[in-house]
$ cat input25.cif   # mmCIF, C-alpha atoms
data_my_file
loop_
_atom_site.label_atom_id
_atom_site.label_comp_id
_atom_site.auth_asym_id
_atom_site.auth_seq_id
_atom_site.Cartn_x
_atom_site.Cartn_y
_atom_site.Cartn_z
CA MET A 156 -8.32 -12.65 5.32
CA HIS A 157 -11.47 -11.52 7.10
CA ALA A 158 -14.88 -12.98 6.26
CA ALA A 159 -16.01 -9.72 4.64
CA GLU A 160 -12.97 -9.72 2.35
CA GLN A 161 -13.55 -13.38 1.46
CA TYR A 162 -17.19 -12.67 0.66
CA ILE A 163 -16.38 -9.72 -1.59
CA GLU A 164 -13.65 -11.60 -3.43
CA SER A 165 -16.07 -14.48 -4.01
CA LEU A 166 -18.27 -12.15 -6.07
CA TYR A 167 -15.62 -11.75 -8.76
CA LEU A 168 -14.31 -14.27 -11.25
CA ALA A 169 -10.70 -15.31 -10.81
CA ASP A 170 -8.28 -13.30 -12.93
CA GLU A 171 -6.36 -15.88 -14.98
CA VAL A 172 -3.42 -13.59 -15.69
CA LEU A 173 -2.98 -12.60 -12.06
CA GLU A 174 -3.35 -16.21 -10.96
CA ARG A 175 -0.50 -17.12 -13.32
CA VAL A 176 1.55 -14.31 -11.81
CA LYS A 177 0.98 -15.70 -8.32
CA ILE A 178 2.10 -19.13 -9.51
CA GLY A 179 5.17 -17.62 -11.15
CA ILE A 180 6.09 -15.81 -7.94
CA ARG A 181 5.74 -19.04 -5.97
CA GLU A 182 7.80 -21.02 -8.47
CA ALA A 183 10.55 -18.39 -8.30
CA ASN A 184 10.65 -18.81 -4.49
CA MET A 185 9.82 -15.13 -4.03
CA PRO A 186 7.90 -13.70 -1.07
CA GLU A 187 4.16 -14.10 -1.69
CA ILE A 188 3.33 -10.58 -0.56
CA SER A 189 1.69 -9.03 -3.63
CA ILE A 190 -1.13 -6.58 -3.09
CA ALA A 191 -4.48 -8.17 -2.21
CA PHE A 192 -6.82 -9.03 -5.07
CA GLY A 193 -9.40 -6.42 -4.02
CA TYR A 194 -6.83 -3.66 -3.79
CA GLY A 195 -5.39 -4.70 -7.15
CA ARG A 196 -8.81 -4.08 -8.67
CA LEU A 197 -8.93 -0.76 -6.84
CA LEU A 198 -5.57 0.29 -8.30
CA THR A 199 -6.88 -0.25 -11.82
CA LEU A 200 -10.01 1.75 -11.04
CA LEU A 201 -8.05 4.58 -9.42
CA VAL A 202 -5.71 4.88 -12.40
CA LYS A 203 -8.65 4.97 -14.81
CA THR A 204 -10.72 7.36 -12.70
CA ALA A 205 -7.78 9.73 -12.22
CA GLY A 206 -7.01 9.66 -15.93
CA ALA A 207 -3.39 8.91 -15.06
CA ARG A 208 -0.91 8.67 -17.92
CA ARG A 209 2.45 8.33 -16.14
CA ILE A 210 2.77 5.98 -13.17
CA LEU A 211 5.73 5.38 -10.88
CA GLU A 212 5.70 2.14 -8.90
CA ILE A 213 8.13 1.75 -6.00
CA GLY A 214 8.63 -1.97 -5.47
CA ALA A 215 7.86 -4.21 -8.45
CA LEU A 216 8.23 -7.61 -6.74
CA GLY A 217 6.76 -10.08 -9.27
CA GLY A 218 4.72 -7.66 -11.36
CA TYR A 219 1.29 -8.33 -9.85
CA SER A 220 0.57 -4.74 -8.84
CA GLY A 221 2.33 -3.43 -11.94
CA ILE A 222 -0.15 -5.32 -14.11
CA CYS A 223 -3.05 -3.90 -12.10
CA LEU A 224 -1.67 -0.37 -12.51
CA ALA A 225 -0.82 -0.67 -16.21
CA ARG A 226 -4.27 -2.04 -17.01
CA GLY A 227 -5.71 1.34 -16.09
CA LEU A 228 -3.46 3.31 -18.45
CA PRO A 229 -4.38 4.52 -21.92
CA ALA A 230 -2.50 3.08 -24.90
CA ASP A 231 0.06 5.90 -24.78
CA GLY A 232 0.48 5.73 -21.01
CA ARG A 233 3.67 4.73 -19.23
CA LEU A 234 4.53 2.73 -16.10
CA ILE A 235 8.00 2.80 -14.55
CA SER A 236 8.50 0.20 -11.82
CA LEU A 237 11.49 0.36 -9.49
CA GLU A 238 12.92 -2.83 -7.99
CA ILE A 239 16.16 -3.26 -6.05
CA ASN A 240 16.40 -7.03 -6.56
CA PRO A 241 17.47 -7.89 -10.13
CA ASP A 242 15.99 -11.39 -9.92
CA PHE A 243 12.62 -10.01 -8.84
CA ALA A 244 12.82 -7.37 -11.56
CA ALA A 245 13.35 -10.07 -14.19
CA VAL A 246 10.28 -11.97 -12.96
CA ALA A 247 8.20 -8.77 -12.96
CA ALA A 248 9.28 -7.90 -16.50
CA ARG A 249 8.46 -11.43 -17.66
CA HIS A 250 4.99 -11.24 -16.13
CA LEU A 251 4.32 -7.83 -17.64
CA ARG A 252 5.24 -9.25 -21.06
CA MET A 253 2.98 -12.24 -20.43
CA ALA A 254 0.13 -9.82 -19.68
CA GLY A 255 0.80 -7.95 -22.96
CA LEU A 256 1.84 -4.79 -21.13
CA ASP A 257 5.56 -4.62 -21.86
CA GLY A 258 4.94 -1.91 -24.45
CA ILE A 259 3.90 0.57 -21.77
CA ALA A 260 5.75 -0.83 -18.74
CA GLU A 261 9.42 -0.66 -17.79
CA VAL A 262 11.17 -2.21 -14.78
CA ARG A 263 14.29 -0.39 -13.56
CA VAL A 264 16.75 -2.12 -11.24
CA GLY A 265 18.40 -0.26 -8.37
CA ASP A 266 17.88 1.47 -5.06
CA ALA A 267 14.54 3.28 -5.20
CA THR A 268 15.77 6.43 -3.48
CA GLU A 269 18.62 6.77 -5.98
CA SER A 270 16.35 5.94 -8.92
CA MET A 271 13.86 8.58 -7.81
CA ARG A 272 16.65 11.12 -7.45
CA ARG A 273 17.74 10.43 -11.02
CA LEU A 274 14.15 10.71 -12.27
CA GLU A 275 13.86 14.08 -10.55
CA GLU A 276 17.10 15.26 -12.19
CA GLU A 277 15.73 14.12 -15.56
CA GLY A 278 12.65 16.27 -15.02
CA ALA A 279 10.29 13.29 -14.91
CA ARG A 280 6.84 13.95 -13.51
CA PHE A 281 4.10 11.49 -12.61
CA ASP A 282 0.38 11.71 -12.00
CA PHE A 283 0.21 8.45 -10.03
CA VAL A 284 2.67 6.88 -7.58
CA PHE A 285 2.24 3.48 -5.93
CA ILE A 286 4.45 2.56 -2.97
CA ASP A 287 4.87 -1.06 -1.91
CA ALA A 288 8.51 -1.60 -1.01
CA ASP A 289 10.64 -1.78 2.15
CA LYS A 290 8.55 -0.29 4.93
CA GLY A 291 11.42 1.59 6.54
CA GLY A 292 11.74 3.69 3.41
CA TYR A 293 8.12 4.84 3.21
CA PRO A 294 8.61 8.33 4.75
CA ALA A 295 11.48 9.06 2.35
CA TYR A 296 9.53 7.65 -0.59
CA LEU A 297 6.61 9.92 0.23
CA GLU A 298 8.80 13.02 0.21
CA ALA A 299 10.44 11.97 -3.04
CA ALA A 300 7.03 11.22 -4.55
CA LEU A 301 5.84 14.71 -3.66
CA ARG A 302 8.79 16.15 -5.60
CA LEU A 303 8.03 13.94 -8.61
CA THR A 304 4.27 14.42 -8.88
CA VAL A 305 2.13 17.03 -10.55
CA PRO A 306 -0.75 18.79 -8.75
CA GLY A 307 -3.76 16.51 -8.53
CA ALA A 308 -1.64 13.35 -8.66
CA LEU A 309 -2.51 10.33 -6.52
CA ILE A 310 -0.02 8.71 -4.15
CA VAL A 311 -1.15 5.26 -3.01
CA ALA A 312 0.65 2.97 -0.56
CA ASP A 313 0.00 -0.58 0.60
CA ASN A 314 0.52 -2.11 4.08
CA ALA A 315 -0.49 0.95 6.10
CA LEU A 316 -1.50 -1.35 8.96
CA LEU A 317 1.61 -3.55 8.85
CA LYS A 318 -0.36 -6.60 10.03
CA GLY A 319 -1.77 -4.62 12.94
CA LYS A 320 1.57 -3.40 14.23
CA THR A 321 1.03 0.28 13.42
CA PHE A 322 -1.87 0.53 15.86
CA ASN A 323 -0.49 -1.88 18.46
CA PRO A 324 1.18 0.24 21.17
CA GLU A 325 3.35 -2.71 22.20
CA ALA A 326 4.81 -3.17 18.69
CA ASP A 327 8.10 -1.45 17.97
CA GLY A 328 11.02 -1.53 15.57
CA PRO A 329 12.36 0.58 12.70
CA SER A 330 9.71 -0.54 10.18
CA VAL A 331 6.87 -0.01 12.64
CA ARG A 332 8.06 3.47 13.56
CA ALA A 333 8.58 4.35 9.90
CA MET A 334 5.07 3.20 8.94
CA ARG A 335 3.53 5.14 11.81
CA ALA A 336 5.43 8.24 10.66
CA PHE A 337 4.28 7.63 7.09
CA ASN A 338 0.62 7.24 8.11
CA GLU A 339 0.78 10.36 10.24
CA ALA A 340 2.33 12.31 7.37
CA VAL A 341 -0.34 11.11 4.93
CA ALA A 342 -3.05 12.15 7.39
CA SER A 343 -1.65 15.55 8.35
CA ASP A 344 0.62 16.89 5.57
CA PRO A 345 -0.96 20.14 4.31
CA ARG A 346 0.12 19.26 0.77
CA LEU A 347 -2.18 16.23 0.74
CA GLU A 348 -5.82 15.25 1.12
CA SER A 349 -6.15 11.61 1.99
CA VAL A 350 -7.89 8.55 3.36
CA ILE A 351 -6.50 5.31 4.79
CA LEU A 352 -8.63 2.23 4.13
CA PRO A 353 -8.54 -0.42 6.89
CA ALA A 354 -9.35 -3.52 4.81
CA TYR A 355 -6.73 -6.21 4.08
CA ASP A 356 -3.45 -4.70 5.37
CA GLY A 357 -4.47 -1.08 4.93
CA LEU A 358 -4.21 1.17 1.87
CA ALA A 359 -3.32 4.85 2.03
CA ILE A 360 -4.70 7.02 -0.78
CA ALA A 361 -3.60 10.64 -1.00
CA ARG A 362 -4.16 13.36 -3.57
CA VAL A 363 -1.56 16.07 -4.08
CA LYS A 364 -3.36 19.36 -3.64
CA THR A 365 -3.49 21.81 -6.51
#
$ encode --input "input25.cif" --output "structure tokens"
Amino acid sequence: MHAAEQYIESLYLADEVLERVKIGIREANMPEISIAFGYGRLLTLLVKTAGARRILEIGALGGYSGICLARGLPADGRLISLEINPDFAAVAARHLRMAGLDGIAEVRVGDATESMRRLEEEGARFDFVFIDADKGGYPAYLEAALRLTVPGALIVADNALLKGKTFNPEADGPSVRAMRAFNEAVASDPRLESVILPAYDGLAIARVKT
């Protein structure tokens, strides 16, 4: 974490619920790769500012980002989180219950691409999509998200910088190439207006044009 990020985080009180989630993730021997604290706060603000009511999260992990997203929803809002690992999904669901958000949040287990296809067939539509799953799938997730969102929806994705690999010309590999393609699509797709924030590990924020 850079000094600027440390300074900004020091201005805010620790979030007891999210701290418990981090401990739960560690105790479950899961990867400790939840979204950064500052971006978690940003997710809540974006959901509230956008007036989002139906959120799709791709990659639940331990529920940290799901809590941040669901906190921004109104009482009749809905969060659907997709997670391929059933053990991770169980931890995420437990943490969402602990945060008092299980009434508006649901964790679905399975391959995200297949789950999104089924949601599209069901006629589901979302006004906010958050992507934080396997990096090689990001380009496909973006296309699927565009089919599942309404005009004016926000599509947000973590790890746009991939620990500096996306802008390192010497870095290569399927995930690196996929993230570069994703970033380029976010920046240039005529269906989107967007920005990519360079703090932490990079956050892409795109709005589906009306």
$ resolve_selection --input "input25.cif" --expression "the PyMOL selection byres ((chain A and resi 271) around 9)" --output "PyMOL selection string"
chain A and resi 237+266-270+272-276+296+299-300+303
$ residues_around --input "input25.cif" --residues "A:Asp313" --least-positions-apart "6" --cutoff "7 Å" --atoms "all atoms listed in the file" --output "number ranges by chain"
A: 286-287, 357-359
$ atom_distance --input "input25.cif" --atom1 "atom CA of A:Ala340" --atom2 "atom CA of A:Lys203"
25.8 Å
$ closest_residue --input "input25.cif" --among "A:Ala288, A:Ala361, A:Leu352, A:Leu166" --to "A:Thr304" --atoms "all atoms listed in the file"
A:Ala361
$ atom_distance --input "input25.cif" --atom1 "atom CA of A:Ile360" --atom2 "atom CA of A:Gly227"
16.4 Å
$ closest_residue --input "input25.cif" --among "A:Val264, A:Leu173, A:Val202, A:Ile310" --to "A:Ile351" --atoms "all atoms listed in the file"
A:Ile310
$ residues_near_point --input "input25.cif" --point "(-6.8, -1.3, -4.8)" --cutoff "12 Å" --atoms "all atoms listed in the file" --output "JSON, numbers by chain"
{"A": [189, 190, 191, 192, 193, 194, 195, 196, 197, 198, 199, 200, 201, 202, 203, 219, 220, 221, 223, 224, 227, 285, 311, 312, 313, 314, 351, 352, 353, 354, 355, 356, 357, 358, 359, 360]}
$ closest_residue --input "input25.cif" --among "A:Phe243, A:Tyr293, A:Tyr162, A:Phe337" --to "A:Gly265" --atoms "all atoms listed in the file"
A:Phe243
$ resolve_selection --input "input25.cif" --expression "the PyMOL selection byres ((chain A and resi 256-263) around 12)" --output "mmCIF file with C-alpha atoms, keeping the file's coordinate frame"
data_model
loop_
_atom_site.group_PDB
_atom_site.id
_atom_site.type_symbol
_atom_site.label_atom_id
_atom_site.label_comp_id
_atom_site.auth_asym_id
_atom_site.auth_seq_id
_atom_site.Cartn_x
_atom_site.Cartn_y
_atom_site.Cartn_z
ATOM 1 C CA VAL A 172 -3.420 -13.590 -15.690
ATOM 2 C CA ARG A 208 -0.910 8.670 -17.920
ATOM 3 C CA ARG A 209 2.450 8.330 -16.140
ATOM 4 C CA ILE A 210 2.770 5.980 -13.170
ATOM 5 C CA LEU A 211 5.730 5.380 -10.880
ATOM 6 C CA GLU A 212 5.700 2.140 -8.900
ATOM 7 C CA ILE A 213 8.130 1.750 -6.000
ATOM 8 C CA GLY A 214 8.630 -1.970 -5.470
ATOM 9 C CA ALA A 215 7.860 -4.210 -8.450
ATOM 10 C CA LEU A 216 8.230 -7.610 -6.740
ATOM 11 C CA GLY A 217 6.760 -10.080 -9.270
ATOM 12 C CA GLY A 218 4.720 -7.660 -11.360
ATOM 13 C CA TYR A 219 1.290 -8.330 -9.850
ATOM 14 C CA SER A 220 0.570 -4.740 -8.840
ATOM 15 C CA GLY A 221 2.330 -3.430 -11.940
ATOM 16 C CA ILE A 222 -0.150 -5.320 -14.110
ATOM 17 C CA CYS A 223 -3.050 -3.900 -12.100
ATOM 18 C CA LEU A 224 -1.670 -0.370 -12.510
ATOM 19 C CA ALA A 225 -0.820 -0.670 -16.210
ATOM 20 C CA ARG A 226 -4.270 -2.040 -17.010
ATOM 21 C CA GLY A 227 -5.710 1.340 -16.090
ATOM 22 C CA LEU A 228 -3.460 3.310 -18.450
ATOM 23 C CA PRO A 229 -4.380 4.520 -21.920
ATOM 24 C CA ALA A 230 -2.500 3.080 -24.900
ATOM 25 C CA ASP A 231 0.060 5.900 -24.780
ATOM 26 C CA GLY A 232 0.480 5.730 -21.010
ATOM 27 C CA ARG A 233 3.670 4.730 -19.230
ATOM 28 C CA LEU A 234 4.530 2.730 -16.100
ATOM 29 C CA ILE A 235 8.000 2.800 -14.550
ATOM 30 C CA SER A 236 8.500 0.200 -11.820
ATOM 31 C CA LEU A 237 11.490 0.360 -9.490
ATOM 32 C CA GLU A 238 12.920 -2.830 -7.990
ATOM 33 C CA ILE A 239 16.160 -3.260 -6.050
ATOM 34 C CA ASN A 240 16.400 -7.030 -6.560
ATOM 35 C CA PRO A 241 17.470 -7.890 -10.130
ATOM 36 C CA ASP A 242 15.990 -11.390 -9.920
ATOM 37 C CA PHE A 243 12.620 -10.010 -8.840
ATOM 38 C CA ALA A 244 12.820 -7.370 -11.560
ATOM 39 C CA ALA A 245 13.350 -10.070 -14.190
ATOM 40 C CA VAL A 246 10.280 -11.970 -12.960
ATOM 41 C CA ALA A 247 8.200 -8.770 -12.960
ATOM 42 C CA ALA A 248 9.280 -7.900 -16.500
ATOM 43 C CA ARG A 249 8.460 -11.430 -17.660
ATOM 44 C CA HIS A 250 4.990 -11.240 -16.130
ATOM 45 C CA LEU A 251 4.320 -7.830 -17.640
ATOM 46 C CA ARG A 252 5.240 -9.250 -21.060
ATOM 47 C CA MET A 253 2.980 -12.240 -20.430
ATOM 48 C CA ALA A 254 0.130 -9.820 -19.680
ATOM 49 C CA GLY A 255 0.800 -7.950 -22.960
ATOM 50 C CA VAL A 264 16.750 -2.120 -11.240
ATOM 51 C CA GLY A 265 18.400 -0.260 -8.370
ATOM 52 C CA ASP A 266 17.880 1.470 -5.060
ATOM 53 C CA ALA A 267 14.540 3.280 -5.200
ATOM 54 C CA GLU A 269 18.620 6.770 -5.980
ATOM 55 C CA SER A 270 16.350 5.940 -8.920
ATOM 56 C CA MET A 271 13.860 8.580 -7.810
ATOM 57 C CA ARG A 273 17.740 10.430 -11.020
ATOM 58 C CA LEU A 274 14.150 10.710 -12.270
#
$ build_atoms --input "input25.cif" --residues "stretch 296-332 of chain A" --atoms "N, CA and C atoms" --output "PDB file, in the frame of the given file"
ATOM      1  N   TYR A 296      10.188   7.822   0.702  1.00  0.00           N
ATOM      2  CA  TYR A 296       9.530   7.650  -0.590  1.00  0.00           C
ATOM      3  C   TYR A 296       8.400   8.657  -0.760  1.00  0.00           C
ATOM      4  N   LEU A 297       7.698   8.936   0.316  1.00  0.00           N
ATOM      5  CA  LEU A 297       6.610   9.920   0.230  1.00  0.00           C
ATOM      6  C   LEU A 297       7.152  11.289  -0.137  1.00  0.00           C
ATOM      7  N   GLU A 298       8.225  11.710   0.514  1.00  0.00           N
ATOM      8  CA  GLU A 298       8.800  13.020   0.210  1.00  0.00           C
ATOM      9  C   GLU A 298       9.306  13.073  -1.224  1.00  0.00           C
ATOM     10  N   ALA A 299       9.955  12.007  -1.666  1.00  0.00           N
ATOM     11  CA  ALA A 299      10.440  11.970  -3.040  1.00  0.00           C
ATOM     12  C   ALA A 299       9.286  11.976  -4.028  1.00  0.00           C
ATOM     13  N   ALA A 300       8.211  11.259  -3.677  1.00  0.00           N
ATOM     14  CA  ALA A 300       7.030  11.220  -4.550  1.00  0.00           C
ATOM     15  C   ALA A 300       6.414  12.605  -4.690  1.00  0.00           C
ATOM     16  N   LEU A 301       6.414  13.366  -3.604  1.00  0.00           N
ATOM     17  CA  LEU A 301       5.840  14.710  -3.660  1.00  0.00           C
ATOM     18  C   LEU A 301       6.661  15.617  -4.582  1.00  0.00           C
ATOM     19  N   ARG A 302       7.943  15.357  -4.694  1.00  0.00           N
ATOM     20  CA  ARG A 302       8.790  16.150  -5.600  1.00  0.00           C
ATOM     21  C   ARG A 302       8.606  15.719  -7.054  1.00  0.00           C
ATOM     22  N   LEU A 303       8.139  14.492  -7.264  1.00  0.00           N
ATOM     23  CA  LEU A 303       8.030  13.940  -8.610  1.00  0.00           C
ATOM     24  C   LEU A 303       6.627  14.009  -9.201  1.00  0.00           C
ATOM     25  N   THR A 304       5.657  14.439  -8.411  1.00  0.00           N
ATOM     26  CA  THR A 304       4.270  14.420  -8.880  1.00  0.00           C
ATOM     27  C   THR A 304       3.791  15.809  -9.282  1.00  0.00           C
ATOM     28  N   VAL A 305       2.781  15.795 -10.126  1.00  0.00           N
ATOM     29  CA  VAL A 305       2.130  17.030 -10.550  1.00  0.00           C
ATOM     30  C   VAL A 305       0.931  17.290  -9.629  1.00  0.00           C
ATOM     31  N   PRO A 306       0.451  18.526  -9.538  1.00  0.00           N
ATOM     32  CA  PRO A 306      -0.750  18.790  -8.750  1.00  0.00           C
ATOM     33  C   PRO A 306      -1.915  17.918  -9.200  1.00  0.00           C
ATOM     34  N   GLY A 307      -2.640  17.387  -8.232  1.00  0.00           N
ATOM     35  CA  GLY A 307      -3.760  16.510  -8.530  1.00  0.00           C
ATOM     36  C   GLY A 307      -3.385  15.047  -8.639  1.00  0.00           C
ATOM     37  N   ALA A 308      -2.091  14.738  -8.556  1.00  0.00           N
ATOM     38  CA  ALA A 308      -1.640  13.350  -8.660  1.00  0.00           C
ATOM     39  C   ALA A 308      -2.092  12.547  -7.439  1.00  0.00           C
ATOM     40  N   LEU A 309      -2.204  11.236  -7.620  1.00  0.00           N
ATOM     41  CA  LEU A 309      -2.510  10.330  -6.520  1.00  0.00           C
ATOM     42  C   LEU A 309      -1.246   9.618  -6.071  1.00  0.00           C
ATOM     43  N   ILE A 310      -1.091   9.504  -4.753  1.00  0.00           N
ATOM     44  CA  ILE A 310      -0.020   8.710  -4.150  1.00  0.00           C
ATOM     45  C   ILE A 310      -0.709   7.636  -3.308  1.00  0.00           C
ATOM     46  N   VAL A 311      -0.475   6.379  -3.653  1.00  0.00           N
ATOM     47  CA  VAL A 311      -1.150   5.260  -3.010  1.00  0.00           C
ATOM     48  C   VAL A 311      -0.091   4.337  -2.417  1.00  0.00           C
ATOM     49  N   ALA A 312      -0.334   3.828  -1.213  1.00  0.00           N
ATOM     50  CA  ALA A 312       0.650   2.970  -0.560  1.00  0.00           C
ATOM     51  C   ALA A 312      -0.036   1.802   0.142  1.00  0.00           C
ATOM     52  N   ASP A 313       0.536   0.621  -0.038  1.00  0.00           N
ATOM     53  CA  ASP A 313       0.000  -0.580   0.600  1.00  0.00           C
ATOM     54  C   ASP A 313       0.651  -0.803   1.974  1.00  0.00           C
ATOM     55  N   ASN A 314       0.008  -1.662   2.773  1.00  0.00           N
ATOM     56  CA  ASN A 314       0.520  -2.110   4.080  1.00  0.00           C
ATOM     57  C   ASN A 314       0.542  -1.005   5.134  1.00  0.00           C
ATOM     58  N   ALA A 315      -0.435  -0.117   5.095  1.00  0.00           N
ATOM     59  CA  ALA A 315      -0.490   0.950   6.100  1.00  0.00           C
ATOM     60  C   ALA A 315      -0.677   0.409   7.512  1.00  0.00           C
ATOM     61  N   LEU A 316      -1.254  -0.777   7.636  1.00  0.00           N
ATOM     62  CA  LEU A 316      -1.500  -1.350   8.960  1.00  0.00           C
ATOM     63  C   LEU A 316      -0.361  -2.260   9.429  1.00  0.00           C
ATOM     64  N   LEU A 317       0.459  -2.708   8.520  1.00  0.00           N
ATOM     65  CA  LEU A 317       1.610  -3.550   8.850  1.00  0.00           C
ATOM     66  C   LEU A 317       1.186  -4.712   9.754  1.00  0.00           C
ATOM     67  N   LYS A 318       0.173  -5.435   9.296  1.00  0.00           N
ATOM     68  CA  LYS A 318      -0.360  -6.600  10.030  1.00  0.00           C
ATOM     69  C   LYS A 318      -0.737  -6.239  11.470  1.00  0.00           C
ATOM     70  N   GLY A 319      -1.290  -5.055  11.634  1.00  0.00           N
ATOM     71  CA  GLY A 319      -1.770  -4.620  12.940  1.00  0.00           C
ATOM     72  C   GLY A 319      -0.723  -3.962  13.818  1.00  0.00           C
ATOM     73  N   LYS A 320       0.517  -3.933  13.379  1.00  0.00           N
ATOM     74  CA  LYS A 320       1.570  -3.400  14.230  1.00  0.00           C
ATOM     75  C   LYS A 320       1.510  -1.888  14.376  1.00  0.00           C
ATOM     76  N   THR A 321       1.015  -1.184  13.346  1.00  0.00           N
ATOM     77  CA  THR A 321       1.030   0.280  13.420  1.00  0.00           C
ATOM     78  C   THR A 321       0.095   0.811  14.511  1.00  0.00           C
ATOM     79  N   PHE A 322      -0.959   0.053  14.814  1.00  0.00           N
ATOM     80  CA  PHE A 322      -1.870   0.530  15.860  1.00  0.00           C
ATOM     81  C   PHE A 322      -1.759  -0.286  17.154  1.00  0.00           C
ATOM     82  N   ASN A 323      -0.746  -1.123  17.241  1.00  0.00           N
ATOM     83  CA  ASN A 323      -0.490  -1.880  18.460  1.00  0.00           C
ATOM     84  C   ASN A 323       0.580  -1.140  19.273  1.00  0.00           C
ATOM     85  N   PRO A 324       0.212  -0.561  20.412  1.00  0.00           N
ATOM     86  CA  PRO A 324       1.180   0.240  21.170  1.00  0.00           C
ATOM     87  C   PRO A 324       2.377  -0.564  21.664  1.00  0.00           C
ATOM     88  N   GLU A 325       2.246  -1.886  21.723  1.00  0.00           N
ATOM     89  CA  GLU A 325       3.350  -2.710  22.200  1.00  0.00           C
ATOM     90  C   GLU A 325       4.326  -3.071  21.071  1.00  0.00           C
ATOM     91  N   ALA A 326       3.931  -2.855  19.827  1.00  0.00           N
ATOM     92  CA  ALA A 326       4.810  -3.170  18.690  1.00  0.00           C
ATOM     93  C   ALA A 326       5.825  -2.053  18.506  1.00  0.00           C
ATOM     94  N   ASP A 327       7.033  -2.443  18.161  1.00  0.00           N
ATOM     95  CA  ASP A 327       8.100  -1.450  17.970  1.00  0.00           C
ATOM     96  C   ASP A 327       9.092  -1.991  16.943  1.00  0.00           C
ATOM     97  N   GLY A 328      10.023  -1.159  16.561  1.00  0.00           N
ATOM     98  CA  GLY A 328      11.020  -1.530  15.570  1.00  0.00           C
ATOM     99  C   GLY A 328      11.089  -0.482  14.485  1.00  0.00           C
ATOM    100  N   PRO A 329      12.174  -0.447  13.724  1.00  0.00           N
ATOM    101  CA  PRO A 329      12.360   0.580  12.700  1.00  0.00           C
ATOM    102  C   PRO A 329      11.229   0.629  11.676  1.00  0.00           C
ATOM    103  N   SER A 330      10.782  -0.518  11.189  1.00  0.00           N
ATOM    104  CA  SER A 330       9.710  -0.540  10.180  1.00  0.00           C
ATOM    105  C   SER A 330       8.401  -0.043  10.759  1.00  0.00           C
ATOM    106  N   VAL A 331       8.111  -0.447  11.994  1.00  0.00           N
ATOM    107  CA  VAL A 331       6.870  -0.010  12.640  1.00  0.00           C
ATOM    108  C   VAL A 331       6.876   1.495  12.834  1.00  0.00           C
ATOM    109  N   ARG A 332       7.978   2.022  13.333  1.00  0.00           N
ATOM    110  CA  ARG A 332       8.060   3.470  13.560  1.00  0.00           C
ATOM    111  C   ARG A 332       7.989   4.229  12.235  1.00  0.00           C
TER     112      ARG A 332
END
